[in-house]
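Enquirer: Quick one: this structure, given as structure tokens, is what I'll be asking you about.
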Amino acid sequence: MKILVTGGIGYIGSHTVVELQNKGFEVIIIDNLSNSKIEILDSIEKITKIKPAFEKLDLCKKEKLDEFFKKHKNIDGIIHFAAYKAVGESVENPLKYYQNNLVSLMNILENMKKYKIKNFVFSSSCTVYGQPEKLPVTEKSEIQKANSPYGNTKQISEEIISDFVHSNEELKSIALRYFNPIGAHKSALIGELPIGVPNNLIPFLTQTAIGIRKELKVFGNDYDTTDGSAIRDYIHVVDLAKAHIVALKRMFENKNEKNFEYFNIGTGKGNSVLEVLEAFEEVTKVKVNYKIVERREGDIEKIFADTSFANKVLKWKTKLSLKDALLHSWNWEKNILNLF
Ligand code: WQD
């Protein structure tokens, strides 16, 4: 089976390519390298001993994309990661996000239809739920108005996919709503590689621990939580990557009940920022310099997943712990300087 992975040089994409190759899938990657480094391709090959086919391409360029599909026939499925994903940047530059994330998706979907590629896994996000009224959040929880243009592109993308597959009954799609992906491959050869100052907690934390950043700012300790800091559902990126293989297989085996399905992909457990910090210091024995500051605009207070639907229907659940993820992130941070 041949799988196209868009954004396959990126953080979650590269880990998914490794899991696809481990399961014997042939992989071809499209990536425009706007938020990733080409050296990751060599790292993937070092891990799996197979170098994935790769084309540098901007998915918004319709003609180029059409040439790609003309050249690469017999693609059996697509996993679509390629999108901009920085919440703060999307607030400052909404059109960049709507343009890139939605046009690239529609170009891919058009080619799916034209070249009769029937199976599509979409990288979605728990951000579609906003601040849920009730926790843990299930797939039936209300979709609230997105609190950023980034989150809105995920909501709109799911609607576009749903309408599209309903107008083309032979096509199928599964959206995976990620909670907070963290960690790195145990080889420390691939991991999160933020360009510039990291937005997300774990890369900022490991960069502070290694001395690249002076101190970690903890955004608020006045939330209604046990220690006042905000709660998230942190899922190991390798567990997350494996969920994509399960979703593909569900469609290949025609087990999907509807031609558009979506699943919460998390651990089912919430941890506060200060708990994460404490766990990091415990598992790495490295002290992290941090300061409590005011809340970050746009942050929600707490969210974690009810994963029973994915556990039951996909027969998938997380196997790696928060501490596994933090140790793997730390090993990756220490190895980055040897790789780039
Ligand atoms: C986690 C917690 C922060 C940085 C976003 C998107 C989501 C997905 C993941 C792309 C929050 C706190 C963070 C820091 C801190 N995006 N924090 N100091 O905002 O939950 O989710 O990224 O795939 O769709 O919404 O992730 O890692 O930025 O923040 O205290 O320097 O850590 O306030 O409570 P977030 P995050």
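Letters A, B, ... mark the chains of the structure tokens in the order given; residue numbers begin at 1 per chain; ligand numbers begin at 1, in order shown.
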Report as a tab-separated table the residues of range 234-286 of chain A within 9 Å of range 17-38 of chain A, each with its shortest atom pair and distance in Å (one decimal), using only C-alpha atoms, ordered by chain and increasing residue number.
Expert:
residue	atom	partner	partner_atom	distance
A:Val238	CA	A:Glu19	CA	8.1
A:Ala241	CA	A:Glu19	CA	6.7
A:Lys242	CA	A:Glu19	CA	6.3
A:His244	CA	A:Leu20	CA	8.7
A:Ile245	CA	A:Leu20	CA	6.6
Enquirer: As number ranges by chain, which residues of range 249-335 of chain A does DSSP assign to helix (DSSP H, G or I)?
Expert: A: 249-252, 273-284, 308-314, 322-335
Enquirer: So which residues are near ligand 1, meaning at most 6 Å away with only C-alpha atoms and all ligand atoms counted, given back as a compact mmCIF listing (two decimals) with N, CA and C atoms, in the first residue's frame?
Expert:
# COMPACT_ATOMS: atom_id res chain seq x y z
N LYS A 85 0.32 26.09 12.19
CA LYS A 85 -0.33 25.67 13.44
C LYS A 85 0.02 26.53 14.66
N SER A 125 -7.74 18.82 15.60
CA SER A 125 -7.24 19.25 16.90
C SER A 125 -8.38 19.42 17.90
N THR A 127 -8.72 21.69 19.68
CA THR A 127 -9.02 23.11 19.72
C THR A 127 -10.41 23.40 19.18
N ASN A 180 -2.71 17.34 23.23
CA ASN A 180 -1.40 18.04 23.13
C ASN A 180 -0.26 17.06 22.84
N ASN A 199 6.40 28.18 20.68
CA ASN A 199 5.12 28.58 21.28
C ASN A 199 4.71 27.56 22.35
N ASN A 200 5.00 26.27 22.03
CA ASN A 200 4.45 25.21 22.87
C ASN A 200 5.29 24.95 24.13
N LEU A 201 4.63 24.43 25.14
CA LEU A 201 5.25 24.25 26.47
C LEU A 201 6.50 23.40 26.46
N PHE A 204 9.75 24.69 24.81
CA PHE A 204 10.27 25.84 25.59
C PHE A 204 10.92 25.33 26.88
N LEU A 216 11.55 29.66 31.97
CA LEU A 216 10.23 29.28 31.42
C LEU A 216 9.18 30.15 32.10
N LYS A 217 8.34 30.78 31.32
CA LYS A 217 7.22 31.52 31.89
C LYS A 217 6.02 30.58 32.00
N VAL A 218 5.50 30.46 33.22
CA VAL A 218 4.27 29.66 33.39
C VAL A 218 3.11 30.63 33.30
N PHE A 219 2.28 30.45 32.28
CA PHE A 219 1.23 31.43 31.99
C PHE A 219 0.02 31.25 32.93
N ALA A 230 -2.89 25.77 34.29
CA ALA A 230 -3.86 25.20 33.34
C ALA A 230 -3.60 23.73 33.06
N VAL A 273 0.34 22.46 34.15
CA VAL A 273 1.69 22.89 33.73
C VAL A 273 2.70 22.59 34.84
N ARG A 296 -1.80 33.63 29.42
CA ARG A 296 -1.59 33.95 27.99
C ARG A 296 -2.96 34.12 27.35
N ASP A 299 -5.69 31.32 25.92
CA ASP A 299 -5.59 30.00 26.55
C ASP A 299 -6.90 29.59 27.20
Enquirer: How many Å separate CA of Asp227 in chain A from CA of Glu275 in chain A?
Expert: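 Pair CA of Asp227 in chain A / CA of Glu275 in chain A returns 8.4 Å.
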Enquirer: Kindly give the distance, in Å, that separates CA of Glu301 in chain A and CA of Gly220 in chain A, rounded to a single decimal.
Expert: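 Between CA of Glu301 in chain A and CA of Gly220 in chain A the gap works out to 9.7 Å.
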Enquirer: In terms of the shortest atom-to-atom distance over only C-alpha atoms, which of A:Glu142, A:Glu253, A:Glu294, A:Glu89 is closest to Lys172 in chain A?
Expert: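 Of all the options, A:Glu253 lies closest to Lys172 in chain A.
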Enquirer: List the spatial neighbours of Phe120 in chain A as a list in words - criterion: any atom at most 10 Å away, only C-alpha atoms, same-chain residues fewer than 2 positions off excluded.
Expert: Ile3, Leu4, Asp76, Gly77, Ile78, Ile79, His80, Ile108, Leu109, Met112, Ile117, Lys118, Phe122, Ser123, Ile161, Val165, Leu171, Lys172, Ser173, Ile174, Ala175, Ala247, Leu248, Met251 and Phe260 of chain A
